[in-house]
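J.: Input data.cif, format and content: mmCIF, C-alpha atoms.
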```
data_structure
loop_
_atom_site.label_atom_id
_atom_site.label_comp_id
_atom_site.auth_asym_id
_atom_site.auth_seq_id
_atom_site.Cartn_x
_atom_site.Cartn_y
_atom_site.Cartn_z
CA MET C 1 -16.39 48.40 17.27
CA SER C 2 -13.36 46.26 16.67
CA GLY C 3 -9.84 47.59 17.06
CA VAL C 4 -9.43 47.96 13.30
CA GLU C 5 -12.71 49.89 13.05
CA ARG C 6 -11.71 52.25 15.89
CA ASP C 7 -8.39 52.97 14.13
CA ARG C 8 -10.24 53.71 10.90
CA ALA C 9 -12.67 56.08 12.70
CA PHE C 10 -9.76 58.00 14.22
CA LEU C 11 -8.04 58.45 10.83
CA VAL C 12 -11.32 59.42 9.15
CA ARG C 13 -11.86 62.16 11.77
CA GLN C 14 -8.29 63.35 11.28
CA ALA C 15 -8.86 63.56 7.53
CA THR C 16 -12.22 65.37 7.76
CA GLU C 17 -10.73 67.92 10.16
CA GLY C 18 -7.94 68.62 7.70
CA ARG C 19 -5.14 67.30 9.91
CA LEU C 20 -4.29 64.54 7.39
CA SER C 21 -4.71 64.29 3.67
CA GLN C 22 -6.92 61.46 2.48
CA ARG C 23 -3.97 59.90 0.63
CA GLU C 24 -1.81 59.87 3.77
CA ALA C 25 -4.66 58.51 5.90
CA SER C 26 -5.42 55.79 3.33
CA GLU C 27 -1.76 54.67 3.38
CA ARG C 28 -1.79 54.44 7.18
CA VAL C 29 -4.98 52.37 7.20
CA GLY C 30 -3.75 50.16 4.35
CA LEU C 31 -6.50 51.02 1.84
CA SER C 32 -6.66 52.71 -1.53
CA VAL C 33 -7.71 56.36 -1.71
CA ARG C 34 -10.97 55.33 -3.38
CA GLN C 35 -11.83 52.92 -0.56
CA PHE C 36 -10.91 55.53 2.06
CA LYS C 37 -13.27 58.04 0.46
CA ARG C 38 -16.07 55.47 0.86
CA LEU C 39 -15.25 55.29 4.60
CA VAL C 40 -15.43 59.09 4.82
CA ARG C 41 -18.87 59.13 3.18
CA ALA C 42 -20.10 56.35 5.50
CA TRP C 43 -18.80 58.21 8.58
CA ARG C 44 -20.47 61.50 7.56
CA ALA C 45 -23.76 59.63 7.00
CA GLY C 46 -23.81 57.55 10.18
CA GLY C 47 -20.91 58.55 12.40
CA ASP C 48 -18.79 55.82 13.95
CA ALA C 49 -21.66 53.35 13.50
CA GLY C 50 -21.33 53.78 9.74
CA LEU C 51 -17.90 52.14 9.87
CA VAL C 52 -19.12 48.95 11.59
CA SER C 53 -19.38 45.96 9.27
CA ARG C 54 -22.96 45.28 8.21
CA GLN C 55 -22.31 41.53 8.34
CA ARG C 56 -21.75 41.62 12.10
CA GLY C 57 -24.35 39.52 13.87
CA ARG C 58 -25.57 37.93 10.63
CA ALA C 59 -25.03 34.37 9.48
CA SER C 60 -22.14 33.87 7.09
CA HIS C 61 -22.93 33.24 3.44
CA ARG C 62 -20.57 30.24 3.68
CA ARG C 63 -22.33 28.78 6.68
CA MET C 64 -23.01 25.06 6.51
CA ALA C 65 -26.62 24.09 5.81
CA ASP C 66 -28.52 22.97 8.91
CA ASP C 67 -29.55 19.61 7.42
CA LEU C 68 -25.95 18.84 6.43
CA ARG C 69 -24.70 19.76 9.90
CA GLU C 70 -27.33 17.51 11.49
CA ARG C 71 -26.26 14.63 9.26
CA ILE C 72 -22.60 15.13 10.18
CA CYS C 73 -23.51 15.28 13.87
CA ALA C 74 -25.37 11.96 13.61
CA LEU C 75 -22.45 10.28 11.83
CA LEU C 76 -19.93 11.59 14.37
CA LYS C 77 -22.03 10.31 17.27
CA GLU C 78 -22.72 6.86 15.84
CA LYS C 79 -20.55 5.72 12.94
CA TYR C 80 -17.41 7.69 13.79
CA ALA C 81 -17.56 7.69 17.58
CA GLY C 82 -14.08 8.09 19.02
CA PHE C 83 -12.54 9.23 15.72
CA GLY C 84 -10.13 12.15 15.67
CA ALA C 85 -11.10 15.16 13.58
CA THR C 86 -8.63 14.49 10.76
CA LEU C 87 -9.54 10.82 10.36
CA ALA C 88 -13.27 11.56 10.69
CA ALA C 89 -13.03 14.19 7.93
CA GLU C 90 -11.23 11.70 5.69
CA LYS C 91 -13.86 9.01 6.25
CA LEU C 92 -16.74 11.43 5.75
CA ASP C 93 -15.28 12.25 2.34
CA GLU C 94 -14.33 8.66 1.48
CA LEU C 95 -17.37 6.74 2.68
CA ASP C 96 -20.21 9.30 2.91
CA ARG C 97 -19.24 11.73 0.12
CA ILE C 98 -19.29 14.69 2.54
CA LYS C 99 -16.31 16.96 1.96
CA VAL C 100 -15.67 19.06 5.04
CA ALA C 101 -12.52 20.51 6.60
CA ALA C 102 -10.96 18.73 9.57
CA GLU C 103 -11.14 21.90 11.68
CA THR C 104 -14.87 22.19 10.97
CA VAL C 105 -15.29 18.60 12.17
CA ARG C 106 -13.24 19.41 15.26
CA ARG C 107 -15.48 22.40 16.12
CA ILE C 108 -18.59 20.27 15.69
CA GLN C 109 -17.08 17.57 17.92
CA ILE C 110 -16.28 20.16 20.58
CA ASP C 111 -19.82 21.55 20.42
CA LEU C 112 -21.21 18.00 20.82
CA GLY C 113 -18.87 17.21 23.70
CA LEU C 114 -17.17 14.46 21.67
CA TRP C 115 -13.75 16.11 21.76
CA ARG C 116 -11.90 18.01 24.45
CA PRO C 117 -9.27 20.50 23.31
CA LYS C 118 -5.90 19.46 24.66
CA LYS C 119 -4.09 21.83 26.97
CA ARG C 120 -0.74 22.71 25.54
CA ARG C 121 2.15 22.19 27.90
CA ALA C 122 5.82 22.79 27.58
CA LYS C 123 7.45 19.80 25.93
CA ARG C 124 10.91 18.53 26.59
CA VAL C 125 13.07 19.45 23.62
CA PHE C 126 15.13 16.70 22.00
CA GLN C 127 17.71 17.39 19.35
CA LEU C 128 16.31 16.31 15.99
CA ARG C 129 18.27 13.74 14.05
CA GLU C 130 18.32 14.08 10.30
CA ARG C 131 16.75 11.24 8.35
CA ARG C 132 19.00 8.66 6.75
CA PRO C 133 19.35 9.39 3.02
CA ARG C 134 18.49 5.97 1.53
CA PHE C 135 15.55 3.63 1.82
CA GLY C 136 16.71 0.57 3.76
CA GLU C 137 19.69 2.05 5.58
CA LEU C 138 17.93 2.10 8.94
CA ILE C 139 14.70 0.28 9.82
CA GLN C 140 13.17 1.15 13.20
CA ILE C 141 11.36 -1.78 14.82
CA ASP C 142 9.06 -1.96 17.83
CA GLY C 143 6.08 -3.82 19.27
CA SER C 144 2.85 -2.06 20.23
CA PRO C 145 0.66 -3.95 22.76
CA HIS C 146 -2.86 -2.55 22.60
CA ASP C 147 -6.57 -3.43 22.61
CA TRP C 148 -6.54 -3.41 18.83
CA PHE C 149 -10.03 -4.92 18.44
CA GLU C 150 -11.67 -2.70 21.11
CA GLY C 151 -12.98 -5.70 23.04
CA ARG C 152 -14.23 -7.59 19.96
CA GLY C 153 -11.21 -9.85 20.19
CA PRO C 154 -8.26 -10.53 22.52
CA ARG C 155 -5.58 -7.97 23.27
CA CYS C 156 -2.53 -8.49 21.11
CA THR C 157 0.66 -6.85 19.86
CA LEU C 158 1.42 -5.25 16.51
CA ILE C 159 5.03 -5.57 15.35
CA VAL C 160 5.95 -2.45 13.37
CA PHE C 161 8.86 -2.02 10.91
CA ILE C 162 9.26 1.53 9.53
CA ASP C 163 11.98 2.99 7.34
CA ASP C 164 13.86 5.96 8.77
CA ALA C 165 14.49 7.69 5.44
CA THR C 166 10.92 7.64 4.14
CA SER C 167 8.61 6.92 7.13
CA ARG C 168 7.34 4.03 5.02
CA LEU C 169 5.87 1.00 6.77
CA THR C 170 7.77 -2.02 5.52
CA ALA C 171 6.16 -4.76 7.64
CA LEU C 172 3.26 -5.12 10.07
CA HIS C 173 2.53 -8.34 11.93
CA PHE C 174 -0.09 -9.11 14.59
CA ALA C 175 0.91 -11.58 17.31
CA PRO C 176 -0.51 -12.55 20.72
CA VAL C 177 2.59 -11.16 22.49
CA GLU C 178 5.76 -9.28 21.66
CA SER C 179 8.22 -12.11 21.15
CA GLY C 180 11.24 -13.07 19.10
CA LYS C 181 9.03 -15.32 16.99
CA ALA C 182 6.77 -12.39 16.12
CA TYR C 183 9.72 -10.20 15.13
CA LEU C 184 11.12 -12.99 12.95
CA ALA C 185 7.76 -13.34 11.17
CA ALA C 186 7.81 -9.59 10.43
CA LEU C 187 11.46 -9.85 9.34
CA ARG C 188 10.53 -12.62 6.89
CA ASP C 189 7.82 -10.43 5.33
CA HIS C 190 10.25 -7.51 5.12
CA VAL C 191 13.03 -9.50 3.42
CA LEU C 192 10.68 -11.09 0.89
CA ALA C 193 9.14 -7.70 0.04
CA HIS C 194 12.21 -5.44 0.06
CA GLY C 195 15.38 -7.44 0.72
CA ARG C 196 17.85 -7.23 3.61
CA PRO C 197 18.25 -3.77 5.17
CA LEU C 198 21.58 -2.51 6.43
CA THR C 199 20.59 -1.99 10.09
CA PHE C 200 17.75 -2.38 12.56
CA TYR C 201 17.12 0.16 15.35
CA SER C 202 15.35 -1.29 18.40
CA ASP C 203 14.86 -0.75 22.12
CA ARG C 204 16.80 -2.69 24.76
CA HIS C 205 14.28 -5.48 25.27
CA GLY C 206 15.64 -8.95 26.05
CA ILE C 207 14.63 -10.05 22.54
CA PHE C 208 17.43 -7.92 21.10
CA ARG C 209 20.19 -7.97 23.72
CA VAL C 210 21.32 -9.97 26.74
CA ASN C 211 20.46 -7.78 29.72
CA ALA C 212 21.70 -10.12 32.47
CA LYS C 213 24.72 -8.41 34.02
CA ASP C 214 26.04 -11.65 35.53
CA ALA C 215 25.83 -13.77 32.35
CA GLN C 216 28.89 -16.03 32.40
CA SER C 217 28.38 -18.21 29.33
CA GLY C 218 27.18 -17.89 25.76
CA ASP C 219 28.18 -15.53 22.98
CA GLY C 220 26.38 -12.51 24.42
CA LYS C 221 23.74 -12.57 21.68
CA THR C 222 20.06 -13.44 21.68
CA ASP C 223 18.44 -15.71 19.07
CA PHE C 224 17.25 -12.62 17.19
CA GLY C 225 20.71 -11.08 17.36
CA ARG C 226 22.39 -14.21 15.99
CA ILE C 227 19.85 -14.50 13.16
CA VAL C 228 20.18 -10.89 11.97
CA GLU C 229 23.96 -11.21 12.22
CA GLY C 230 23.76 -14.28 9.97
CA LEU C 231 21.75 -12.21 7.48
CA GLU C 232 24.46 -9.49 7.65
CA ILE C 233 22.09 -6.96 9.20
CA GLY C 234 23.36 -4.63 11.90
CA LEU C 235 21.41 -4.28 15.16
CA ILE C 236 21.54 -1.01 17.14
CA ASN C 237 19.84 -0.55 20.53
CA ALA C 238 18.42 2.88 21.39
CA LEU C 239 19.10 4.40 24.80
CA THR C 240 15.70 6.15 25.05
CA PRO C 241 12.27 5.81 23.40
CA GLN C 242 12.67 9.33 22.00
CA ALA C 243 15.72 8.20 20.05
CA LYS C 244 13.52 5.95 17.89
CA GLY C 245 10.75 8.52 17.66
CA ARG C 246 9.84 7.56 14.09
CA VAL C 247 8.40 4.19 15.13
CA GLU C 248 7.01 5.53 18.43
CA ARG C 249 4.96 8.17 16.58
CA ALA C 250 3.89 5.56 14.04
CA ASN C 251 2.59 3.41 16.92
CA GLN C 252 0.43 6.31 18.13
CA THR C 253 -0.94 6.90 14.64
CA LEU C 254 -1.68 3.21 14.13
CA GLN C 255 -3.41 2.91 17.51
CA ASP C 256 -5.78 5.61 16.27
CA ARG C 257 -6.20 4.98 12.55
CA LEU C 258 -5.76 1.22 12.30
CA VAL C 259 -8.16 0.61 15.20
CA LYS C 260 -10.85 2.73 13.55
CA GLU C 261 -10.27 1.19 10.11
CA MET C 262 -10.66 -2.32 11.54
CA ARG C 263 -13.82 -1.26 13.35
CA LEU C 264 -15.32 -0.01 10.08
CA SER C 265 -14.31 -3.26 8.34
CA ASN C 266 -15.57 -5.42 11.23
CA ILE C 267 -12.16 -7.03 11.87
CA ASN C 268 -12.39 -9.06 15.10
CA SER C 269 -9.44 -11.47 15.15
CA ILE C 270 -5.71 -11.67 14.50
CA GLU C 271 -6.28 -13.87 11.43
CA GLN C 272 -8.67 -11.35 9.86
CA ALA C 273 -6.33 -8.48 10.76
CA ARG C 274 -3.35 -10.13 9.08
CA THR C 275 -5.34 -10.34 5.84
CA PHE C 276 -6.41 -6.70 6.22
CA LEU C 277 -2.91 -5.28 6.85
CA PRO C 278 -1.40 -5.29 3.30
CA GLY C 279 -4.10 -3.00 1.88
CA PHE C 280 -3.92 -0.74 4.93
CA MET C 281 -0.12 -0.46 4.61
CA THR C 282 -0.47 0.62 0.98
CA ARG C 283 -2.94 3.39 1.87
CA TYR C 284 -0.86 4.47 4.88
CA ASN C 285 2.35 4.74 2.85
CA GLU C 286 0.63 6.70 0.08
CA LYS C 287 -0.51 9.25 2.66
CA PHE C 288 2.42 9.53 5.08
CA SER C 289 5.64 8.38 3.38
CA VAL C 290 8.13 10.86 1.94
CA PRO C 291 10.69 10.38 -0.85
CA PRO C 292 14.28 9.62 0.22
CA ARG C 293 17.04 12.15 -0.38
CA ASP C 294 19.02 9.52 -2.25
CA LYS C 295 16.98 7.38 -4.65
CA ALA C 296 19.53 4.55 -4.66
CA PRO C 297 18.08 1.78 -2.41
CA ALA C 298 20.19 0.36 0.40
CA HIS C 299 18.35 -2.98 0.58
CA ARG C 300 20.20 -6.06 -0.63
CA PRO C 301 17.88 -8.43 -2.51
CA TRP C 302 17.28 -11.96 -1.25
CA THR C 303 18.36 -14.18 -4.13
CA LYS C 304 17.80 -17.57 -2.49
CA THR C 305 14.56 -19.51 -2.01
CA GLU C 306 11.94 -19.03 0.69
CA ASP C 307 13.01 -22.36 2.24
CA ASP C 308 16.55 -21.00 2.55
CA LEU C 309 15.15 -17.87 4.22
CA ASP C 310 13.13 -20.00 6.65
CA LEU C 311 16.32 -21.87 7.57
CA ALA C 312 18.21 -18.59 8.02
CA LEU C 313 15.43 -17.32 10.34
CA ALA C 314 15.25 -20.50 12.40
CA SER C 315 16.62 -20.34 15.92
CA TRP C 316 19.33 -22.85 16.64
CA GLU C 317 21.14 -24.45 19.56
CA GLU C 318 23.91 -26.99 19.93
CA ARG C 319 23.64 -30.25 21.88
CA LEU C 320 26.37 -32.77 22.81
CA LEU C 321 25.85 -36.40 21.85
CA THR C 322 26.30 -39.05 24.53
CA LYS C 323 28.10 -42.34 23.94
CA SER C 324 24.74 -43.87 23.11
CA LEU C 325 24.12 -41.10 20.52
CA THR C 326 21.33 -39.42 22.49
CA PHE C 327 20.68 -35.81 23.45
CA SER C 328 17.96 -33.69 25.06
CA TYR C 329 16.15 -30.66 23.69
CA GLY C 330 13.00 -28.75 24.60
CA GLY C 331 11.67 -31.28 27.12
CA MET C 332 12.27 -34.29 24.81
CA LYS C 333 14.98 -36.93 24.61
CA TYR C 334 16.20 -37.90 21.14
CA CYS C 335 18.20 -40.78 19.72
CA VAL C 336 20.19 -40.42 16.49
CA LYS C 337 19.66 -43.03 13.80
CA ALA C 338 23.14 -43.69 12.40
CA ASN C 339 24.33 -45.87 9.54
CA GLY C 340 26.72 -48.26 11.27
CA PRO C 341 27.96 -47.97 14.85
CA GLY C 342 28.34 -44.19 14.71
CA THR C 343 31.30 -44.17 17.06
CA SER C 344 32.81 -41.12 15.36
CA MET C 345 29.78 -39.07 16.39
CA ARG C 346 30.16 -39.69 20.12
CA GLY C 347 30.76 -36.43 21.94
CA GLY C 348 30.02 -34.47 18.79
CA LYS C 349 27.77 -31.43 18.53
CA VAL C 350 24.31 -31.67 17.02
CA VAL C 351 22.78 -28.42 15.75
CA VAL C 352 19.03 -28.17 16.36
CA HIS C 353 17.15 -25.66 14.20
CA ARG C 354 13.64 -24.69 15.32
CA PHE C 355 11.53 -23.17 12.54
CA ALA C 356 8.80 -20.60 13.07
CA ASP C 357 6.08 -23.22 12.50
CA GLY C 358 7.53 -25.50 15.22
CA ARG C 359 9.40 -27.91 12.93
CA LEU C 360 12.80 -29.16 14.07
CA ARG C 361 15.84 -29.90 11.92
CA PHE C 362 18.82 -31.84 13.26
CA SER C 363 22.24 -31.72 11.62
CA TYR C 364 25.78 -32.88 12.30
CA LYS C 365 28.62 -31.20 10.39
CA ASP C 366 26.07 -29.70 7.96
CA ARG C 367 24.60 -33.15 7.33
CA ALA C 368 20.92 -33.72 8.13
CA LEU C 369 20.24 -36.32 10.84
CA THR C 370 17.26 -38.56 11.45
CA CYS C 371 16.34 -38.56 15.13
CA THR C 372 13.68 -40.39 17.12
CA ALA C 373 12.04 -39.01 20.27
CA TYR C 374 11.93 -41.66 22.98
CA GLY C 375 11.18 -39.84 26.23
CA THR C 376 10.42 -36.61 28.02
CA TYR C 377 11.83 -34.69 30.96
CA ALA C 378 10.48 -31.87 33.13
CA VAL C 379 11.25 -28.28 32.16
CA PRO C 380 10.59 -25.18 34.29
CA ASP C 381 7.92 -22.69 33.28
CA PRO C 382 9.36 -19.77 31.32
CA ALA C 383 9.96 -16.50 33.13
CA GLU C 384 7.68 -13.67 32.04
CA ASP C 385 8.39 -9.98 31.53
CA GLU C 386 6.01 -7.06 31.68
CA LYS C 387 5.14 -7.41 27.98
CA THR C 388 3.93 -11.02 28.19
CA LEU C 389 2.55 -11.07 31.72
CA ASP C 390 -0.97 -9.91 30.76
CA VAL C 391 -1.34 -12.68 28.20
CA ARG C 392 -0.36 -15.36 30.72
CA VAL C 393 -2.78 -13.96 33.31
CA ASP C 394 -5.59 -13.82 30.71
CA ALA C 395 -4.87 -17.46 29.82
CA VAL C 396 -5.13 -18.49 33.49
CA ILE C 397 -8.43 -16.62 33.84
CA ALA C 398 -9.81 -18.25 30.67
CA ALA C 399 -8.80 -21.71 31.91
CA GLN C 400 -10.46 -21.01 35.27
CA ARG C 401 -13.70 -19.97 33.59
CA THR C 402 -13.65 -23.09 31.44
CA SER C 403 -13.17 -25.34 34.46
CA GLN C 404 -15.93 -23.53 36.37
CA GLY C 405 -18.29 -23.91 33.42
CA ALA C 406 -17.49 -27.61 33.15
CA ALA C 407 -18.08 -28.06 36.88
CA ALA C 408 -21.41 -26.22 36.65
CA LEU C 409 -22.55 -28.50 33.82
CA ALA C 410 -21.48 -31.58 35.72
CA GLY C 411 -23.27 -30.39 38.86
CA GLY C 412 -26.42 -29.59 36.85
#
```
So that I can check it, write out the structure of this file as structure tokens.
T.:
Amino acid sequence: MSGVERDRAFLVRQATEGRLSQREASERVGLSVRQFKRLVRAWRAGGDAGLVSRQRGRASHRRMADDLRERICALLKEKYAGFGATLAAEKLDELDRIKVAAETVRRIQIDLGLWRPKKRRAKRVFQLRERRPRFGELIQIDGSPHDWFEGRGPRCTLIVFIDDATSRLTALHFAPVESGKAYLAALRDHVLAHGRPLTFYSDRHGIFRVNAKDAQSGDGKTDFGRIVEGLEIGLINALTPQAKGRVERANQTLQDRLVKEMRLSNINSIEQARTFLPGFMTRYNEKFSVPPRDKAPAHRPWTKTEDDLDLALASWEERLLTKSLTFSYGGMKYCVKANGPGTSMRGGKVVVHRFADGRLRFSYKDRALTCTAYGTYAVPDPAEDEKTLDVRVDAVIAAQRTSQGAAALAGG
């Protein structure tokens, strides 16, 4: 007998012995007097055994049909291998027209050995920060390096922009590595779609701030910092990953859901993934975004042309002109084509804009210049950090395999 059934048997005996009235006993057990009288009749007919539920040991009337369970098991093993219970339940309903609860899927996965229940452990408690009230006040940004194609394509990084007020994805961009160029590409998509936000919230990577303690020259800003400042967007650096938990949790969700969605759609390259992302973002936002407390948007619309935005997003550096009107940039030597002797330009500063597609634009006092490349000079290899090291090593390995294959063909 269960604990509830033992309590009922005790009260029934009390009532039949006259120690309690049936009304008082029924109130203690939480039943109506009519239902309690049924228990009394069952106890007199069969003793304590008469109070045991007749359904015990029998299959539930709501039990899943065996053929349906077998079909779900086959799908979980093959089509949805590696899926979490919630996502698997969604896809079973969406793609296979099988409506089943996520917890039912989880129990089946545990029975099949496809899922191990996680041991709960005490988590460090962080003080929760209330969401910003308006859409566009604070955009959290981060890069997520991951094997997004599960070996079908190269490892790469997903740049994620998510709004703090609504948990809405505002931009996703796949790139080989987490770089300033990748963030600027995502920023371009964000501005064209929504406008300029008030602030960005990032980590303390060298893309966003100058981390060299002994830096003696410069304005103390990175290329990304100067560009967002020119767009009148604030840039705040978080002290800990937990401080920008909105985008960190989104990264975890995307590494689960987006990976599985791309597997089902047979996405195997960055180019295919970039085409796939807009539709995925729409579905993601419909499911996970929340309305802002204040419906007034904080974004400021971009009223200029796309070419003007490309110029605003271009990195720029200054170079001094020599007496012969030459300067060096990016491993190349350039000569300025001037109308006349150009003596007034000697010692002046040329501004070099580098666009995202590699184009260069030269200007002097806001006037475009025509320059001719006439030579090269040696430049050191760029220093790598922990986020770009794997890509460089993979490139060296690929080059080595190519050279070995060429040597094998030549030897054969």
J.: Just the number, please: distance in Å from CA of Ile108 (chain C) to CA of Leu264 (chain C), one decimal.
T.: 21.3 Å
J.: The PyMOL selection byres ((chain C and resi 170-174) around 10) on the file shown: which residues, as an MDAnalysis selection string?
T.: chainID C and resid 136 139:141 143:145 148 156:163 167:169 175:178 182:191 193:194 269:271 273:274 277:278 280:282 285
J.: Name all residues at most 6 Å from region 85-92 of chain C (count only C-alpha atoms; drop same-chain ones fewer than 4 positions away) and give them as a PyMOL selection string.
T.: chain C and resi 96+98+102+105-106
J.: What lies within 12 Å of Lys37 (chain C) using only C-alpha atoms, ignoring chain neighbours under 6 positions off, as a list of chain:residue names?
T.: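 My list of contacting residues is C:Arg8, C:Leu11, C:Val12, C:Ala15, C:Thr16, C:Ser21, C:Gln22, C:Arg23, C:Ala25, C:Ser26, C:Leu31, C:Trp43, C:Arg44.
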J.: Measure the distance from CA of Ser2 (chain C) to CA of Leu20 (chain C) in Å and round it to one decimal.
T.: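 Going from CA of Ser2 (chain C) over to CA of Leu20 (chain C), I get 22.4 Å.
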J.: Could you list the residues chosen by the PyMOL selection byres ((chain C and resi 244) around 10) in this structure as a VMD selection string?
T.: chain C and resid 129 139 to 142 164 201 to 203 237 to 243 245 to 249
J.: Produce a file of the selected residues containing C-alpha atoms, as a PDB file, in the frame of the given file.
T.:
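The resulting file, part.pdb, is shown below:
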```pdb
ATOM      1  CA  ARG C 129      18.270  13.740  14.050  1.00  0.00           C
ATOM      2  CA  ILE C 139      14.700   0.280   9.820  1.00  0.00           C
ATOM      3  CA  GLN C 140      13.170   1.150  13.200  1.00  0.00           C
ATOM      4  CA  ILE C 141      11.360  -1.780  14.820  1.00  0.00           C
ATOM      5  CA  ASP C 142       9.060  -1.960  17.830  1.00  0.00           C
ATOM      6  CA  ASP C 164      13.860   5.960   8.770  1.00  0.00           C
ATOM      7  CA  TYR C 201      17.120   0.160  15.350  1.00  0.00           C
ATOM      8  CA  SER C 202      15.350  -1.290  18.400  1.00  0.00           C
ATOM      9  CA  ASP C 203      14.860  -0.750  22.120  1.00  0.00           C
ATOM     10  CA  ASN C 237      19.840  -0.550  20.530  1.00  0.00           C
ATOM     11  CA  ALA C 238      18.420   2.880  21.390  1.00  0.00           C
ATOM     12  CA  LEU C 239      19.100   4.400  24.800  1.00  0.00           C
ATOM     13  CA  THR C 240      15.700   6.150  25.050  1.00  0.00           C
ATOM     14  CA  PRO C 241      12.270   5.810  23.400  1.00  0.00           C
ATOM     15  CA  GLN C 242      12.670   9.330  22.000  1.00  0.00           C
ATOM     16  CA  ALA C 243      15.720   8.200  20.050  1.00  0.00           C
ATOM     17  CA  GLY C 245      10.750   8.520  17.660  1.00  0.00           C
ATOM     18  CA  ARG C 246       9.840   7.560  14.090  1.00  0.00           C
ATOM     19  CA  VAL C 247       8.400   4.190  15.130  1.00  0.00           C
ATOM     20  CA  GLU C 248       7.010   5.530  18.430  1.00  0.00           C
ATOM     21  CA  ARG C 249       4.960   8.170  16.580  1.00  0.00           C
TER      22      ARG C 249
END
```
J.: Counting only C-alpha atoms, which residues of region 251-330 of chain C fall within 12 Å of region 74-79 of chain C, and what is the closest atom pair for each with its distance in Å at one decimal, ordered by chain and rising number, as a tab-separated table?
T.:
```
residue	atom	partner	partner_atom	distance
C:Lys260	CA	C:Lys79	CA	10.2
C:Glu261	CA	C:Lys79	CA	11.6
C:Arg263	CA	C:Lys79	CA	9.7
C:Leu264	CA	C:Lys79	CA	8.3
C:Ser265	CA	C:Lys79	CA	11.9
```
J.: Could you list the residues chosen by the PyMOL selection byres ((chain C and resi 165) around 8) in this structure as a ChimeraX atom specification?
T.: /C:131-138,163-164,166-167,290-293
J.: How many Å lie between CA of Ala408 (chain C) and CA of Val396 (chain C), rounded to one decimal?
T.: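 Value for the CA of Ala408 (chain C)-CA of Val396 (chain C) distance: 18.3 Å.
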J.: Name the residues in contact with region 359-363 of chain C at a cut-off of 12 Å, using only C-alpha atoms, excluding same-chain residues fewer than 4 positions from it; report them as a ChimeraX atom specification.
T.: /C:310-311,314-321,327-330,332,334-337,345,348-355,367-373
J.: For Gly206 (chain C), work out the shell of residues within 10 Å, counting only C-alpha atoms and skipping chain neighbours fewer than 4 positions away, then give it as a JSON list (two decimals) with C-alpha atoms, in the coordinates of the input.
T.:
```json
[["chain", "number", "residue", "atom", "x", "y", "z"],
["C", 179, "SER", "CA", 8.22, -12.11, 21.15],
["C", 180, "GLY", "CA", 11.24, -13.07, 19.10],
["C", 210, "VAL", "CA", 21.32, -9.97, 26.74],
["C", 211, "ASN", "CA", 20.46, -7.78, 29.72],
["C", 212, "ALA", "CA", 21.70, -10.12, 32.47],
["C", 221, "LYS", "CA", 23.74, -12.57, 21.68],
["C", 222, "THR", "CA", 20.06, -13.44, 21.68],
["C", 224, "PHE", "CA", 17.25, -12.62, 17.19],
["C", 385, "ASP", "CA", 8.39, -9.98, 31.53]]
```
